[in-house]
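Peer 1: One structure follows; several queries about it will come next.
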Amino acid sequence: MSPIWSSRTWSFRTPVQKCVLGLAVALSVSGAHLAPASADGTVVIGSSQVPRHFNGAVQSGVATAVPSTQIFASPLRYDENWKPQPYLAESWEISADGKSVTLKLVKNAVFHDGKPVTSEDVAFSIMTIKANHPFQTMLAAVDKVDTPDPYTAVIQLKHPHPALLLAMSPALMPILPKHIYGDGQDVKSHPANLKPIGSGPFRLTEYKQGEFYTLEKFDKFFIPGRPKLDKIVVKLISDPNAMLVSLERGDVNALPLISAVRDIERLEKMPNVLVTEKGFAGIGPINWLAFNTKKKPLDDVRVRQAIAFATNRDFIISKLMGGKAAAATSPIAPGSPLDEPGVEMYKLDLAKSQKLLDDAGYPKKADGSRMALTIDYIPGNDEQQRNIAEYLRSQLKKVGINLDVRAASDFPTWAQRVSSFDFDLTMDTVFNWGDPVIGVDRTYLTSNIRKGIIWSNTQQYSNPRVDELLAAAGQETSAEKRKALYSEFQKIVVSDAPIHFINSTPYRNVFSKGLGGLPTTIWGIMSPLDELYWATPPRT
Amino acid sequence: MNLLLHIVRQLANAIGLLFAVLVLNFCLIHAAPGDPAMVIAGEMGGASADVIAALRIKYGLDKSLFEQLFTYMSKVVTGDFGFSYYFNEPVVSLILQRIPATLYLVIAALVMSVVIGTLLGVVSARKPNGLFSQGVTVIALAGYAAPVFWTGLMLLLLFGSVWPILPVSGMIDVVRPKTGFAHVLDIIQHLILPSTTLALVFIAQYSRLARVNMIDALTADYVRTARAKGLPETIVIGKHALRNTLIPIVTVAGLQFGHLFAGAVLVETVFSWPGMGRLVFDSILRRDYPTLLAVLFFSAVLVMAANIVTDLVYRLIDPRIRSGAR
């Protein structure tokens, strides 16, 4: 008996066998060049963020902002120090009463289809953003935009609006071509959102749904010598392990917005990559513990403060987050020029915590407990969310609070609970988005207690003085006075403790070594990558 | 004529089942907490009440469940599966983009698992108590027991990091030319890890099935007769014993087409394979009802088609069924 896998069977005589042999050889040959795939002039970015579309005028969030800021130019851009820089507007002037801003546009800017960028496009874009962008407070003060000539746009305001300059950043104010978007169709579902025409440094040339999108250099970009790269490809990778391995292998050259501590530690050990924590000041991400202030016993400020005093922020940051995160102590993220350091820090003090609970009328029972509460968290980011909730369960037991950690299967489940006020405590991560008017006010204004709206004032916190301060600071044109108003606001909020601020989310941008002109401005990867280049070309 | 009648009956059953799949899935997904407006607002980093209310009106979420179901069903009957809330594209075009990737993955895994599983089972059946047979049994059980996402991660780390010879994510190398034979090879390279991950679970099942059936076949009278006639062992096994061994394998392969789709959800997520499985995953997380419902519908169609084809192949392989004998 001869075995069925005898040598005769694999003599590669039949066409099928020859095909198998050929394929094996071809695969092994092509396998030899598996290492870095990037050609000089091309950068591949790995991202888990799938854009709904590419129009940042009607969609906020990182997934859309990253491509949108490459495709569309904006009036201004920002540097690392919160200073506005010329972009489509070569100059800008704020009137003495603060109620109008005049933009002088560059004259050589054209859209990707060759049509010039004019003040009509700026006016159209600003009014479109005002009507459609999810951050409604961002341009609420805009009354109209005058266009005295093709290269001058005058933004008329109902009242002074200092947040306007930050709102003119690439991530928030992409200038749309009026000749395309002004055709009467709904801009939110406009077909051009998936085939965008902008005036930014790159144009979208290919989008394979769920796989990748390709941005190619726009030869007629209005800044001479930019962009420095020929092409940016954003590869959509859903698994974090695959993302890291792809970077390690050189399949991708950049990973933006990495926040998992273990991943950061692993990346920092890789010899061929650079990990930077610059580029997130504008986003201002804060990880916090929120209280339902209308629900007993959390309607008593002493109970909320007691929980804050029982929480060891230093332990969370040094142990649970490996020292990678910065402490957050107030509603305005560390790194912002408006951050107030002189607030109550809620240093760990179990005795004070117990006293506050006693004073609030929750003495310890015979079994040592005082109350039972639940804590929710956003699923999917264990280190920033679940681990802290689990830590709090054991930590709060020390002061007699039995905490039940309630998991949610996915984001909508968690959002449904929190936005319908069906929670006691919840972990949450919220972005400042540059100016308090854009990303901070929404959490604290009494007028923004809206059932069913996630990331509104879901704590149901209400303090008339806070409302007054936010209203005044939103219109204050003196930087010094504005800072003072926000300073008082922060002290009151921290003292009222509708939220216990824990840490700034430890975001990192990761790049292959050899890349220069890295995006380290306040908006980081959500700003034009026109200066990015290969200082040392990658291996090919 | 009998066969034609049989096919017509199968198709009629399938249509009824598909209707039930649509209604059931519609009710189940709408019972899940949260809605697409909430997810879209979440991914925007927050949105005003007006924006969220406008989103709910735009997608018809402000209507009663029954109204939404009626509207949806009346559109589906005309072939309109709606517009993806999240991806901003007609659902059918979204699915048509994703179907090829899933078919590559599922068919590659199916072929790999049937061929390798059967081969291992047949070889180990020749010496059921031998070392090879025992080894196959142990490996098969390990492959079956390991969760598919774990197997995927291990293969990803092994062949992507420790011994970096295979690509670990996506279906193509995004910076290489997307035409010609090199492109085909590129896809095959990217297919190796996900299809192997998916196949490993099923190789275990097929090898056990083939082993048991081959052991039975090798002791049957017709095999003894074939050997007595002096036929070479390859003919005895390949032509006589294997044919009978294949009957249950074909049946199971058809039935497991649905399991392969289920496994593809995890495998596609681990390896960022741009198929329907990943679309299901994304759609569930984003409460993208039209996309999810359509993907489940088309998956059901594919599974039912696979079952019908299996039934027909089964008839071709087994003459007893073809002739109506039992």
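Each chain in the structure tokens gets a letter, A, B and so on, in the order shown; residues start at 1 in every chain, and ligands are counted from 1 in the order they appear.
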List the neighbours of B:Ile203 out to 9 Å using only C-alpha atoms; skip same-chain residues closer than 4 positions along the sequence, and give me the result as a ChimeraX atom specification.

Peer 2: /B:110,112-118,120,140,143-144,199,207-208

Peer 1: Taking N, CA and C atoms for each residue, export the selection above as a PDB file, in the first residue's frame.

Peer 2:
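Output below, filename part_33.pdb:
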ATOM      1  N   LEU B 110     -13.700  27.946   4.476  1.00  0.00           N
ATOM      2  CA  LEU B 110     -14.483  26.721   4.267  1.00  0.00           C
ATOM      3  C   LEU B 110     -13.657  25.692   3.514  1.00  0.00           C
ATOM      4  N   MET B 112     -10.422  25.582   3.157  1.00  0.00           N
ATOM      5  CA  MET B 112      -9.272  25.190   3.973  1.00  0.00           C
ATOM      6  C   MET B 112      -9.692  24.179   5.043  1.00  0.00           C
ATOM      7  N   SER B 113     -10.790  24.464   5.710  1.00  0.00           N
ATOM      8  CA  SER B 113     -11.192  23.586   6.808  1.00  0.00           C
ATOM      9  C   SER B 113     -11.692  22.232   6.276  1.00  0.00           C
ATOM     10  N   VAL B 114     -12.425  22.240   5.169  1.00  0.00           N
ATOM     11  CA  VAL B 114     -12.927  20.969   4.631  1.00  0.00           C
ATOM     12  C   VAL B 114     -11.761  20.128   4.110  1.00  0.00           C
ATOM     13  N   VAL B 115     -10.895  20.752   3.327  1.00  0.00           N
ATOM     14  CA  VAL B 115      -9.800  19.982   2.715  1.00  0.00           C
ATOM     15  C   VAL B 115      -8.830  19.486   3.788  1.00  0.00           C
ATOM     16  N   ILE B 116      -8.367  20.397   4.626  1.00  0.00           N
ATOM     17  CA  ILE B 116      -7.379  19.995   5.638  1.00  0.00           C
ATOM     18  C   ILE B 116      -8.022  19.074   6.670  1.00  0.00           C
ATOM     19  N   GLY B 117      -9.221  19.435   7.109  1.00  0.00           N
ATOM     20  CA  GLY B 117      -9.910  18.611   8.104  1.00  0.00           C
ATOM     21  C   GLY B 117     -10.146  17.202   7.584  1.00  0.00           C
ATOM     22  N   THR B 118     -10.635  17.103   6.361  1.00  0.00           N
ATOM     23  CA  THR B 118     -10.910  15.786   5.783  1.00  0.00           C
ATOM     24  C   THR B 118      -9.615  14.995   5.618  1.00  0.00           C
ATOM     25  N   LEU B 120      -6.793  15.299   7.243  1.00  0.00           N
ATOM     26  CA  LEU B 120      -6.281  14.865   8.552  1.00  0.00           C
ATOM     27  C   LEU B 120      -7.116  13.706   9.092  1.00  0.00           C
ATOM     28  N   ALA B 140      -6.890  19.074  17.165  1.00  0.00           N
ATOM     29  CA  ALA B 140      -8.252  19.403  16.740  1.00  0.00           C
ATOM     30  C   ALA B 140      -9.079  19.920  17.910  1.00  0.00           C
ATOM     31  N   GLY B 143      -7.930  23.389  18.853  1.00  0.00           N
ATOM     32  CA  GLY B 143      -8.410  24.359  17.865  1.00  0.00           C
ATOM     33  C   GLY B 143      -9.883  24.653  18.053  1.00  0.00           C
ATOM     34  N   TYR B 144     -10.632  23.634  18.409  1.00  0.00           N
ATOM     35  CA  TYR B 144     -12.073  23.796  18.581  1.00  0.00           C
ATOM     36  C   TYR B 144     -12.385  24.587  19.857  1.00  0.00           C
ATOM     37  N   ALA B 199     -10.660  29.104   9.920  1.00  0.00           N
ATOM     38  CA  ALA B 199     -10.695  27.688   9.522  1.00  0.00           C
ATOM     39  C   ALA B 199     -10.340  26.765  10.678  1.00  0.00           C
ATOM     40  N   SER B 207     -12.109  17.145  10.818  1.00  0.00           N
ATOM     41  CA  SER B 207     -11.158  16.039  10.984  1.00  0.00           C
ATOM     42  C   SER B 207     -11.779  14.937  11.848  1.00  0.00           C
ATOM     43  N   ARG B 208     -12.533  15.353  12.881  1.00  0.00           N
ATOM     44  CA  ARG B 208     -13.189  14.341  13.728  1.00  0.00           C
ATOM     45  C   ARG B 208     -14.253  13.599  12.927  1.00  0.00           C
TER      46      ARG B 208
END

Peer 1: Excluding same-chain residues fewer than 4 positions from stretch 496-498 of chain A, what lies within 10 Å of it counting only C-alpha atoms, as a PyMOL selection string?

Peer 2: chain A and resi 289-294+298-308+330+344+443-444+457-463+490-492

Peer 1: Give me, as a ChimeraX atom specification, all polymer residues having an atom no more than 12 Å from A:Leu396, counting only C-alpha atoms and skipping those fewer than 2 positions away in the same chain.

Peer 2: /A:303-304,306-312,348-350,353-354,357,368-375,388-394,398-405

Peer 1: For stretch 410-510 of chain A against stretch 99-105 of chain A, with a cut-off of 12 Å and counting only C-alpha atoms, what is the closest atom pair and its distance in Å to one decimal for every residue that makes the cut, ordered by chain and number, as JSON lines?

Peer 2:
{"residue": "A:Gln475", "atom": "CA", "partner": "A:Lys99", "partner_atom": "CA", "distance": 9.8}
{"residue": "A:Glu476", "atom": "CA", "partner": "A:Lys99", "partner_atom": "CA", "distance": 11.3}
{"residue": "A:Thr477", "atom": "CA", "partner": "A:Lys99", "partner_atom": "CA", "distance": 9.9}

Peer 1: Can you write out the residues you just picked, keeping C-alpha atoms, as an mmCIF file, in the first residue's frame?

Peer 2:
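That gives us part-v3.cif:
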data_model
loop_
_atom_site.group_PDB
_atom_site.id
_atom_site.type_symbol
_atom_site.label_atom_id
_atom_site.label_comp_id
_atom_site.auth_asym_id
_atom_site.auth_seq_id
_atom_site.Cartn_x
_atom_site.Cartn_y
_atom_site.Cartn_z
ATOM 1 C CA GLN A 475 -18.761 88.024 25.952
ATOM 2 C CA GLU A 476 -15.803 89.512 27.832
ATOM 3 C CA THR A 477 -13.235 90.921 25.412
#

Peer 1: Set the distance at 9 Å and use only C-alpha atoms: which residues neighbour B:Pro248 once local chain neighbours fewer than 6 positions away are removed? I'd like the list as number ranges by chain.

Peer 2: B: 209-210, 213, 314

Peer 1: Write the selection just made, keeping N, CA and C atoms, as a PDB file, in the first residue's frame?

Peer 2:
ATOM      1  N   LEU B 209     -15.002  14.346  12.169  1.00  0.00           N
ATOM      2  CA  LEU B 209     -16.086  13.758  11.383  1.00  0.00           C
ATOM      3  C   LEU B 209     -15.530  12.808  10.329  1.00  0.00           C
ATOM      4  N   ALA B 210     -14.485  13.264   9.633  1.00  0.00           N
ATOM      5  CA  ALA B 210     -13.890  12.441   8.576  1.00  0.00           C
ATOM      6  C   ALA B 210     -13.267  11.186   9.169  1.00  0.00           C
ATOM      7  N   ASN B 213     -16.047   8.632  10.148  1.00  0.00           N
ATOM      8  CA  ASN B 213     -16.703   8.056   8.975  1.00  0.00           C
ATOM      9  C   ASN B 213     -15.750   7.207   8.154  1.00  0.00           C
ATOM     10  N   TYR B 314     -25.740  17.217  -1.986  1.00  0.00           N
ATOM     11  CA  TYR B 314     -25.988  16.007  -1.209  1.00  0.00           C
ATOM     12  C   TYR B 314     -26.688  14.974  -2.084  1.00  0.00           C
TER      13      TYR B 314
END

Peer 1: Run DSSP on the backbone and give me the residues of stretch 60-247 of chain B it puts in alpha helix (DSSP H), as an mmCIF file with C-alpha atoms, in the first residue's frame.

Peer 2:
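And here is the file that came out, states-v2.cif:
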data_model
loop_
_atom_site.group_PDB
_atom_site.id
_atom_site.type_symbol
_atom_site.label_atom_id
_atom_site.label_comp_id
_atom_site.auth_asym_id
_atom_site.auth_seq_id
_atom_site.Cartn_x
_atom_site.Cartn_y
_atom_site.Cartn_z
ATOM 1 C CA LEU B 65 -42.258 51.242 16.258
ATOM 2 C CA PHE B 66 -45.169 49.846 14.245
ATOM 3 C CA GLU B 67 -45.085 52.803 11.842
ATOM 4 C CA GLN B 68 -41.338 52.417 11.441
ATOM 5 C CA LEU B 69 -41.719 48.683 10.779
ATOM 6 C CA PHE B 70 -44.479 49.232 8.232
ATOM 7 C CA THR B 71 -42.462 51.892 6.406
ATOM 8 C CA TYR B 72 -39.378 49.711 6.426
ATOM 9 C CA MET B 73 -41.152 46.585 5.158
ATOM 10 C CA SER B 74 -42.940 48.461 2.396
ATOM 11 C CA LYS B 75 -39.605 49.816 1.201
ATOM 12 C CA VAL B 76 -37.833 46.455 1.426
ATOM 13 C CA VAL B 77 -40.483 44.849 -0.755
ATOM 14 C CA VAL B 91 -27.210 50.404 2.429
ATOM 15 C CA VAL B 92 -27.225 48.208 -0.656
ATOM 16 C CA SER B 93 -24.151 49.926 -2.066
ATOM 17 C CA LEU B 94 -22.448 49.575 1.322
ATOM 18 C CA ILE B 95 -23.176 45.856 1.407
ATOM 19 C CA LEU B 96 -22.194 45.286 -2.202
ATOM 20 C CA GLN B 97 -18.811 46.835 -1.360
ATOM 21 C CA ARG B 98 -18.389 44.466 1.583
ATOM 22 C CA ILE B 99 -19.779 41.171 0.251
ATOM 23 C CA PRO B 100 -16.712 40.214 -1.829
ATOM 24 C CA ALA B 101 -14.366 40.498 1.163
ATOM 25 C CA THR B 102 -16.580 38.304 3.312
ATOM 26 C CA LEU B 103 -17.033 35.749 0.558
ATOM 27 C CA TYR B 104 -13.258 35.556 0.044
ATOM 28 C CA LEU B 105 -12.806 34.997 3.751
ATOM 29 C CA VAL B 106 -15.639 32.533 4.287
ATOM 30 C CA ILE B 107 -14.967 30.498 1.158
ATOM 31 C CA ALA B 108 -11.222 30.358 1.836
ATOM 32 C CA ALA B 109 -11.886 29.254 5.413
ATOM 33 C CA LEU B 110 -14.483 26.721 4.267
ATOM 34 C CA VAL B 111 -12.227 25.201 1.615
ATOM 35 C CA MET B 112 -9.272 25.190 3.973
ATOM 36 C CA SER B 113 -11.192 23.586 6.808
ATOM 37 C CA VAL B 114 -12.927 20.969 4.631
ATOM 38 C CA VAL B 115 -9.800 19.982 2.715
ATOM 39 C CA ILE B 116 -7.379 19.995 5.638
ATOM 40 C CA GLY B 117 -9.910 18.611 8.104
ATOM 41 C CA THR B 118 -10.910 15.786 5.783
ATOM 42 C CA LEU B 119 -7.318 15.007 4.908
ATOM 43 C CA LEU B 120 -6.281 14.865 8.552
ATOM 44 C CA GLY B 121 -9.312 12.755 9.417
ATOM 45 C CA VAL B 122 -8.727 10.311 6.561
ATOM 46 C CA VAL B 123 -5.042 9.937 7.310
ATOM 47 C CA SER B 124 -5.588 9.471 11.021
ATOM 48 C CA ALA B 125 -8.352 6.938 10.343
ATOM 49 C CA ARG B 126 -5.891 4.608 8.708
ATOM 50 C CA LEU B 131 0.687 8.731 17.159
ATOM 51 C CA PHE B 132 -0.445 10.857 14.195
ATOM 52 C CA SER B 133 -4.088 10.152 14.947
ATOM 53 C CA GLN B 134 -3.670 11.015 18.613
ATOM 54 C CA GLY B 135 -1.813 14.180 17.699
ATOM 55 C CA VAL B 136 -4.547 15.237 15.274
ATOM 56 C CA THR B 137 -7.175 14.600 17.959
ATOM 57 C CA VAL B 138 -5.372 16.764 20.508
ATOM 58 C CA ILE B 139 -4.701 19.597 18.043
ATOM 59 C CA ALA B 140 -8.252 19.403 16.740
ATOM 60 C CA LEU B 141 -9.727 19.677 20.209
ATOM 61 C CA ALA B 142 -7.432 22.586 21.073
ATOM 62 C CA GLY B 143 -8.410 24.359 17.865
ATOM 63 C CA TYR B 144 -12.073 23.796 18.581
ATOM 64 C CA ALA B 145 -11.863 24.906 22.207
ATOM 65 C CA VAL B 148 -11.679 32.489 17.594
ATOM 66 C CA PHE B 149 -10.646 36.019 18.634
ATOM 67 C CA TRP B 150 -7.899 34.600 20.877
ATOM 68 C CA THR B 151 -6.594 32.379 18.110
ATOM 69 C CA GLY B 152 -6.642 35.405 15.830
ATOM 70 C CA LEU B 153 -4.703 37.559 18.269
ATOM 71 C CA MET B 154 -2.110 34.839 18.815
ATOM 72 C CA LEU B 155 -1.597 34.362 15.078
ATOM 73 C CA LEU B 156 -1.489 38.141 14.648
ATOM 74 C CA LEU B 157 1.281 38.510 17.228
ATOM 75 C CA GLY B 180 -2.607 43.092 -11.809
ATOM 76 C CA PHE B 181 -1.299 39.816 -10.476
ATOM 77 C CA ALA B 182 0.642 41.531 -7.687
ATOM 78 C CA HIS B 183 -2.684 42.858 -6.371
ATOM 79 C CA VAL B 184 -4.161 39.341 -6.359
ATOM 80 C CA LEU B 185 -1.121 38.060 -4.482
ATOM 81 C CA ASP B 186 -1.434 40.962 -2.062
ATOM 82 C CA ILE B 187 -5.030 39.980 -1.263
ATOM 83 C CA ILE B 188 -4.036 36.327 -0.842
ATOM 84 C CA GLN B 189 -1.259 37.325 1.556
ATOM 85 C CA HIS B 190 -3.669 39.396 3.608
ATOM 86 C CA LEU B 191 -6.180 36.552 3.524
ATOM 87 C CA ILE B 192 -3.875 33.930 5.043
ATOM 88 C CA LEU B 193 -4.141 34.899 8.720
ATOM 89 C CA PRO B 194 -7.872 35.666 8.911
ATOM 90 C CA SER B 195 -8.911 32.628 6.903
ATOM 91 C CA THR B 196 -6.608 30.345 8.899
ATOM 92 C CA THR B 197 -8.021 31.741 12.144
ATOM 93 C CA LEU B 198 -11.548 31.084 10.993
ATOM 94 C CA ALA B 199 -10.695 27.688 9.522
ATOM 95 C CA LEU B 200 -8.968 26.354 12.642
ATOM 96 C CA VAL B 201 -12.220 25.902 14.548
ATOM 97 C CA PHE B 202 -13.803 24.025 11.686
ATOM 98 C CA ILE B 203 -10.748 21.927 10.810
ATOM 99 C CA ALA B 204 -11.213 20.309 14.208
ATOM 100 C CA GLN B 205 -14.802 19.403 13.451
ATOM 101 C CA TYR B 206 -14.154 18.086 9.959
ATOM 102 C CA SER B 207 -11.158 16.039 10.984
ATOM 103 C CA ARG B 208 -13.189 14.341 13.728
ATOM 104 C CA LEU B 209 -16.086 13.758 11.383
ATOM 105 C CA ALA B 210 -13.890 12.441 8.576
ATOM 106 C CA ARG B 211 -11.976 10.206 10.964
ATOM 107 C CA VAL B 212 -15.085 8.539 12.364
ATOM 108 C CA ASN B 213 -16.703 8.056 8.975
ATOM 109 C CA MET B 214 -13.522 6.833 7.363
ATOM 110 C CA ILE B 215 -13.009 4.274 10.132
ATOM 111 C CA ASP B 216 -16.535 3.014 9.433
ATOM 112 C CA ALA B 217 -15.993 3.018 5.701
ATOM 113 C CA LEU B 218 -12.695 1.158 5.892
ATOM 114 C CA ASP B 221 -17.810 -4.798 2.836
ATOM 115 C CA TYR B 222 -17.398 -2.767 -0.336
ATOM 116 C CA VAL B 223 -13.944 -1.625 0.743
ATOM 117 C CA ARG B 224 -12.972 -5.208 1.573
ATOM 118 C CA THR B 225 -14.210 -6.186 -1.888
ATOM 119 C CA ALA B 226 -12.257 -3.401 -3.555
ATOM 120 C CA ARG B 227 -9.092 -4.442 -1.770
ATOM 121 C CA ALA B 228 -9.737 -8.110 -2.692
ATOM 122 C CA GLU B 233 -4.926 1.760 -1.727
ATOM 123 C CA THR B 234 -5.174 5.286 -3.155
ATOM 124 C CA ILE B 235 -8.089 4.147 -5.338
ATOM 125 C CA LEU B 242 -13.780 8.812 0.681
ATOM 126 C CA ARG B 243 -16.945 9.224 -1.383
ATOM 127 C CA ASN B 244 -19.060 7.870 1.460
ATOM 128 C CA THR B 245 -17.072 9.767 4.038
ATOM 129 C CA LEU B 246 -17.768 13.015 2.198
ATOM 130 C CA ILE B 247 -21.575 12.763 2.472
#

Peer 1: List the spatial neighbours of stretch 202-204 of chain A as an MDAnalysis selection string - criterion: any atom at most 6 Å away, only C-alpha atoms, same-chain residues fewer than 4 positions off excluded.

Peer 2: chainID A and resid 70:71 214:218

Peer 1: Find, counting only C-alpha atoms, the residue in B:Met171, B:His30, B:Val21, B:Ala146 that gets nearest to B:Ser299.

Peer 2: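 For B:Ser299, the nearest of the candidates is B:Val21.
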
Peer 1: What does the distance between atom CA of B:Pro274 and atom CA of B:Leu55 come to in Å, to one decimal place?

Peer 2: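 Atom-to-atom, atom CA of B:Pro274 and atom CA of B:Leu55 are spaced 27.4 Å apart.
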
Peer 1: How many Å separate atom CA of A:Arg313 from atom CA of A:Glu277?

Peer 2: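 These two atoms are separated by 20.4 Å.
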
Peer 1: With distances taken over only C-alpha atoms, which of B:His6, B:Lys239, B:Arg56, B:Arg286 is nearest to chain A?

Peer 2: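 Of B:His6, B:Lys239, B:Arg56, B:Arg286, the one nearest chain A is B:Arg286, counting only C-alpha atoms.
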
Peer 1: Using atom CA of A:Glu211 and atom CA of A:Leu236 as the two end points, give the distance in Å to one decimal.

Peer 2: 5.3 Å

Peer 1: Can you pull out every residue from stretch 83-235 of chain A that DSSP, working from the backbone, puts in strand (DSSP E), and format the result as a PyMOL selection string?

Peer 2: chain A and resi 84-86+89-94+100-105+142-149+152-157+202-208+212-217+231-235

Peer 1: Between B:Phe83, B:Met304, B:Leu296, B:Thr310, which has the minimum distance to B:Val23 (counting only C-alpha atoms)?

Peer 2: B:Leu296

Peer 1: Considering only C-alpha atoms, return as a list in words whatever protein or nucleic-acid residues lie within 10 Å of B:Tyr289, sequence-local ones (same chain, fewer than 2 positions apart) excluded.

Peer 2: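 After dropping sequence-adjacent residues, the list is Asn25, Phe26, Ile29, His30, Asp35, Pro36, Tyr59, Gly82, Phe83, Ser84, Tyr85, Tyr86, Ser283, Ile284, Arg286, Arg287, Thr291, Leu292, Leu293, Ala294 and Val295 of chain B.
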